[in-house]
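Enquirer: What follows is data.txt, made up of compact mmCIF, C-alpha atoms:
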```
# COMPACT_ATOMS: atom_id res chain seq x y z
CA MET W 144 -95.52 -130.75 33.46
CA ILE W 145 -93.19 -128.87 31.11
CA TYR W 146 -94.97 -126.44 28.80
CA LEU W 147 -93.58 -124.97 25.60
CA LYS W 148 -93.41 -121.42 26.97
CA ASN W 149 -93.65 -118.75 24.28
CA LYS W 150 -93.38 -121.46 21.63
CA THR W 151 -96.04 -123.19 19.58
CA PRO W 152 -94.12 -125.50 17.24
CA LYS W 153 -96.05 -126.93 14.31
CA ILE W 154 -95.75 -130.71 14.42
CA LEU W 155 -97.16 -133.38 12.15
CA VAL W 156 -97.72 -136.79 13.76
CA ILE W 157 -97.92 -139.80 11.45
CA GLY W 158 -98.59 -143.30 12.71
CA ASP W 159 -100.94 -145.91 14.09
CA LEU W 160 -103.99 -144.37 15.75
CA MET W 161 -105.85 -146.30 18.43
CA VAL W 162 -108.68 -146.02 20.92
CA ASP W 163 -108.07 -147.16 24.50
CA GLN W 164 -111.24 -148.25 26.30
CA TYR W 165 -111.54 -148.78 30.05
CA LEU W 166 -114.46 -150.70 31.57
CA TRP W 167 -114.55 -150.06 35.33
CA GLY W 168 -116.49 -152.24 37.74
CA SER W 169 -116.47 -154.58 40.71
CA CYS W 170 -116.46 -158.31 41.33
CA GLU W 171 -118.54 -160.05 43.98
CA ARG W 172 -118.82 -163.56 42.59
CA ILE W 173 -117.31 -166.23 40.37
CA SER W 174 -119.16 -167.38 37.27
CA PRO W 175 -120.97 -170.75 37.57
CA GLU W 176 -120.12 -171.37 33.90
CA ALA W 177 -116.32 -171.17 34.28
CA PRO W 178 -113.77 -170.29 36.99
CA VAL W 179 -113.69 -166.59 36.06
CA GLN W 180 -114.71 -163.38 37.79
CA VAL W 181 -118.07 -161.80 36.99
CA ILE W 182 -117.49 -158.05 36.62
CA ASN W 183 -120.37 -155.64 37.09
CA VAL W 184 -119.32 -152.75 34.85
CA THR W 185 -120.37 -149.35 36.20
CA LYS W 186 -118.28 -146.95 34.12
CA ASP W 187 -116.90 -146.86 30.59
CA SER W 188 -114.28 -144.39 29.36
CA GLU W 189 -112.42 -144.00 26.06
CA VAL W 190 -109.24 -142.07 25.31
CA LEU W 191 -106.83 -141.68 22.42
CA GLY W 192 -104.16 -144.37 22.21
CA GLY W 193 -101.12 -145.12 20.09
CA ALA W 194 -100.15 -142.18 17.91
CA GLY W 195 -103.32 -140.47 19.14
CA ASN W 196 -101.89 -140.38 22.65
CA VAL W 197 -98.79 -138.66 21.24
CA VAL W 198 -101.02 -136.07 19.56
CA ASN W 199 -102.91 -135.50 22.81
CA ASN W 200 -99.70 -135.07 24.84
CA LEU W 201 -98.24 -132.59 22.35
CA LYS W 202 -101.46 -130.57 22.40
CA LYS W 203 -101.34 -130.40 26.20
CA LEU W 204 -97.74 -129.20 26.02
CA GLY W 205 -98.85 -126.31 23.81
CA ALA W 206 -97.80 -127.44 20.34
CA GLN W 207 -99.82 -126.99 17.16
CA VAL W 208 -100.48 -130.53 16.01
CA ASP W 209 -101.94 -132.20 12.96
CA VAL W 210 -102.22 -135.92 12.33
CA LEU W 211 -101.83 -137.96 9.15
CA SER W 212 -102.84 -141.60 9.14
CA VAL W 213 -104.97 -144.32 7.57
CA ILE W 214 -108.14 -145.44 9.32
CA GLY W 215 -111.10 -147.60 8.29
CA ASN W 216 -114.81 -147.19 7.70
CA CYS W 217 -115.60 -148.89 11.01
CA LYS W 218 -117.38 -147.70 14.14
CA VAL W 219 -114.05 -147.23 15.94
CA SER W 220 -112.90 -144.85 13.20
CA ILE W 221 -115.87 -142.62 14.02
CA GLU W 222 -115.05 -142.81 17.74
CA LEU W 223 -111.45 -141.90 16.94
CA LYS W 224 -112.44 -138.83 14.95
CA ASN W 225 -114.73 -137.69 17.75
CA LEU W 226 -111.93 -138.02 20.31
CA LEU W 227 -109.59 -135.98 18.09
CA ASN W 228 -112.24 -133.32 17.55
CA GLU W 229 -112.73 -133.08 21.32
CA ILE W 230 -109.11 -131.94 21.76
CA GLY W 231 -109.24 -129.59 18.79
CA VAL W 232 -107.29 -131.67 16.27
CA ASP W 233 -108.37 -131.59 12.63
CA THR W 234 -109.16 -134.95 11.03
CA GLN W 235 -108.93 -133.84 7.40
CA TYR W 236 -105.71 -135.80 6.85
CA LEU W 237 -107.15 -139.16 7.90
CA ILE W 238 -107.40 -141.48 4.91
CA SER W 239 -110.14 -144.13 4.93
CA GLN W 240 -109.44 -147.66 3.71
CA ASN W 241 -112.32 -150.08 3.22
CA ASN W 242 -112.43 -153.12 5.51
CA ARG W 243 -109.69 -151.75 7.78
CA ILE W 244 -110.37 -151.84 11.52
CA VAL W 245 -108.79 -149.18 13.72
CA SER W 246 -107.16 -150.66 16.83
CA LYS W 247 -109.33 -150.59 19.94
CA LYS W 248 -107.89 -152.02 23.14
CA SER W 249 -110.50 -152.71 25.81
CA ARG W 250 -109.47 -153.25 29.42
CA ILE W 251 -111.79 -154.55 32.13
CA ILE W 252 -110.78 -153.29 35.57
CA ALA W 253 -112.15 -154.36 38.94
CA SER W 254 -110.91 -153.02 42.30
CA GLN W 255 -108.18 -151.04 40.49
CA GLN W 256 -106.83 -154.28 39.00
CA GLN W 257 -106.87 -155.05 35.29
CA VAL W 258 -108.65 -158.37 34.87
CA VAL W 259 -108.41 -158.84 31.12
CA ARG W 260 -107.73 -156.93 27.91
CA TYR W 261 -109.14 -157.72 24.50
CA ASP W 262 -108.18 -156.10 21.20
CA ARG W 263 -109.95 -155.58 17.90
CA GLU W 264 -107.72 -154.34 15.10
CA SER W 265 -106.18 -154.66 11.66
CA THR W 266 -102.43 -155.27 11.73
CA ASP W 267 -101.79 -155.89 8.02
CA ASP W 268 -99.91 -153.24 6.08
CA ILE W 269 -102.16 -150.59 4.58
CA ASP W 270 -102.83 -151.30 0.91
CA ILE W 271 -100.89 -149.75 -1.96
CA GLN W 272 -103.62 -147.24 -2.73
CA SER W 273 -103.61 -145.99 0.86
CA GLN W 274 -99.80 -145.80 0.88
CA LYS W 275 -99.84 -143.68 -2.26
CA ALA W 276 -102.60 -141.45 -0.85
CA LEU W 277 -100.71 -140.90 2.41
CA ILE W 278 -97.49 -139.98 0.61
CA SER W 279 -99.41 -137.68 -1.75
CA VAL W 280 -100.99 -135.78 1.15
CA PHE W 281 -97.62 -135.55 2.88
CA LYS W 282 -96.02 -133.95 -0.18
CA LYS W 283 -98.73 -131.27 -0.22
CA ILE W 284 -98.51 -130.30 3.44
CA ILE W 285 -94.93 -131.04 4.52
CA LYS W 286 -93.76 -127.40 4.34
CA ASN W 287 -96.38 -126.40 6.93
CA TYR W 288 -94.46 -128.10 9.75
CA GLU W 289 -91.25 -127.67 11.71
CA VAL W 290 -91.00 -131.29 12.85
CA ILE W 291 -92.35 -134.63 11.63
CA LEU W 292 -92.97 -137.27 14.29
CA LEU W 293 -93.41 -140.90 13.23
CA SER W 294 -95.23 -142.93 15.89
CA ASP W 295 -94.87 -146.57 14.87
CA TYR W 296 -96.85 -149.22 16.75
CA GLY W 297 -96.41 -151.90 14.10
CA LYS W 298 -100.08 -151.86 13.08
CA GLY W 299 -99.45 -151.36 9.37
CA VAL W 300 -99.57 -147.62 8.65
CA LEU W 301 -95.81 -147.00 8.62
CA THR W 302 -94.81 -149.59 6.06
CA HIS W 303 -91.20 -149.78 4.93
CA LYS W 304 -91.97 -147.90 1.73
CA VAL W 305 -94.08 -145.23 3.43
CA THR W 306 -91.56 -144.63 6.22
CA SER W 307 -88.48 -144.43 4.03
CA THR W 308 -90.28 -142.16 1.55
CA LEU W 309 -91.50 -139.79 4.26
CA ILE W 310 -88.02 -139.49 5.77
CA GLU W 311 -86.47 -138.89 2.35
CA LEU W 312 -88.99 -136.15 1.52
CA ALA W 313 -88.54 -134.51 4.92
CA ASN W 314 -84.77 -134.45 4.53
CA LEU W 315 -85.09 -132.89 1.07
CA ASN W 316 -87.15 -130.12 2.67
CA GLY W 317 -84.80 -129.66 5.63
CA ILE W 318 -87.34 -130.86 8.20
CA LYS W 319 -86.25 -133.10 11.08
CA VAL W 320 -87.95 -136.46 11.58
CA LEU W 321 -88.30 -137.92 15.07
CA VAL W 322 -89.21 -141.61 15.33
CA ASP W 323 -90.74 -143.75 18.06
CA PRO W 324 -89.76 -147.10 16.49
CA LYS W 325 -91.22 -150.59 16.54
CA GLY W 326 -89.96 -154.01 15.55
CA SER W 327 -86.43 -155.23 14.96
CA ASN W 328 -85.72 -153.97 11.44
CA TYR W 329 -84.70 -150.34 11.78
CA SER W 330 -83.52 -149.97 8.17
CA LYS W 331 -86.77 -148.23 7.24
CA TYR W 332 -85.87 -145.38 9.62
CA LYS W 333 -82.60 -144.64 7.84
CA GLY W 334 -82.04 -140.90 7.57
CA ALA W 335 -84.22 -139.94 10.54
CA PHE W 336 -82.85 -137.26 12.86
CA LEU W 337 -83.66 -139.06 16.11
CA LEU W 338 -84.97 -142.46 17.25
CA THR W 339 -86.38 -143.07 20.73
CA PRO W 340 -86.44 -146.83 21.33
CA ASN W 341 -87.09 -148.16 24.82
CA LYS W 342 -84.56 -150.42 26.55
CA LYS W 343 -85.93 -153.63 25.03
CA GLU W 344 -86.12 -152.16 21.54
CA ALA W 345 -82.63 -150.70 21.79
CA SER W 346 -81.16 -154.07 22.83
```
Will you turn the file into structure tokens for me?

Expert:
Amino acid sequence: MIYLKNKTPKILVIGDLMVDQYLWGSCERISPEAPVQVINVTKDSEVLGGAGNVVNNLKKLGAQVDVLSVIGNCKVSIELKNLLNEIGVDTQYLISQNNRIVSKKSRIIASQQQVVRYDRESTDDIDIQSQKALISVFKKIIKNYEVILLSDYGKGVLTHKVTSTLIELANLNGIKVLVDPKGSNYSKYKGAFLLTPNKKEAS
């Protein structure tokens, strides 16, 4: 692993936070109710996903990282905060929106093979009040960071208005914006310093 030797850049990650859950077990029979495996779950683990995984990776590389996002008032939001606290990341810039469900992707694994995955999440754009709150917080803290990283998973936090406004404000303050994009309309990323699409996204 490459570490940021003698450097501790201050980075702000903004994007869609998730929780990845893994249910580990074994299968010894087929259900009599339907032709599906019966998994005896013996272990359950949860880790940061989405933009949270980016935060975790940057922390492990030695960067100083904060996160700005919109979550809900759901049980998964509490789990998310706990996971961030465990790696020493402050959650003061997480904005709560009523009736929003943070993405949780649950994978059932038997004999090292993923059997099924089920998701619970909100994918609608965050509401106008949350968009205004996110931009307001960003204006107050932007000068504390050397780099802004937008981690877009298409779950509704980085709306067109939010994204374009954040990039515009960052450029006005001379701060580079790096983007992990999503979707097919890249116009909202106009003005960003760098985009990192994968092969499919780039094509």

Enquirer: Please determine, counting all atoms listed in the file, which residue among W:Asp267, W:Glu189, W:Asp295, W:Glu311 has the shortest atom-to-atom distance to Val219 (chain W).

Expert: W:Glu189

Enquirer: Can you pull out the residues contacting Ile230 (chain W)? Cut-off 8 Å, using only C-alpha atoms, and skip same-chain residues under 2 positions away; I want them as a VMD selection string.

Expert: chain W and resid 199 202 226 to 228 232

Enquirer: Figure out the distance between CA of Lys282 (chain W) and CA of Leu211 (chain W), please, to one decimal in Å.

Expert: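 According to the coordinates, CA of Leu211 (chain W) and CA of Lys282 (chain W) are separated by 11.7 Å.
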
Enquirer: Out of W:Gln272, W:Gln207, W:Ser307, W:Gln257, which residue has the shortest atom-to-atom distance to Ser239 (chain W) when counting all atoms listed in the file?

Expert: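 Among the listed residues, the smallest separation from Ser239 (chain W) belongs to W:Gln272.
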
Enquirer: One decimal, in Å: what's the spacing between CA of Tyr261 (chain W) and CA of Glu229 (chain W)?

Expert: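 So the two atoms, CA of Tyr261 (chain W) and CA of Glu229 (chain W), lie 25.1 Å apart.
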
Enquirer: Just to confirm, what's the straight-line distance from CA of Val305 (chain W) to CA of Asp163 (chain W) in Å (one decimal)?

Expert: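 Computed distance, CA of Val305 (chain W) to CA of Asp163 (chain W), equals 25.4 Å.
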
Enquirer: Please determine, counting only C-alpha atoms, which residue among W:Ser220, W:Asn341, W:Ser265, W:Thr302 has the shortest atom-to-atom distance to Thr234 (chain W).

Expert: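 Smallest separation from Thr234 (chain W) among the options: W:Ser220.
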
Enquirer: Please check which residues have atoms at most 12 Å from (-95.3, -153.9, 11.4) in the file's coordinates, counting all atoms listed in the file, and write them as a ChimeraX atom specification.

Expert: /W:158-159,265-269,294-306,324-329,331

Enquirer: Pick out the residues sitting within 12 Å of Ile291 (chain W), and hand them over as a VMD selection string; count only C-alpha atoms, and ignore anything fewer than 4 positions along from it in its own chain.

Expert: chain W and resid 152 to 158 198 208 to 211 281 284 to 287 306 309 to 314 316 to 323 335 to 337

Enquirer: Please build the interface table for region 251-323 of chain W against region 176-185 of chain W with a cut-off of 10 Å, listing for each qualifying residue the nearest atom pair and the distance in Å to one decimal; count all atoms listed in the file, order rows by chain and increasing number, and write it as a tab-separated table.

Expert:
```
residue	atom	partner	partner_atom	distance
W:Ile251	CA	W:Ile182	CA	8.1
W:Ile252	CA	W:Ile182	CA	8.3
W:Ala253	CA	W:Ile182	CA	6.9
W:Val258	CA	W:Gln180	CA	8.4
```

Enquirer: Which residues come within 9 Å of Gln240 (chain W), counting only C-alpha atoms, excluding same-chain residues fewer than 2 positions away, as JSON, numbers by chain?

Expert: {"W": [213, 214, 215, 216, 238, 242, 243, 244, 269, 270, 272, 273]}
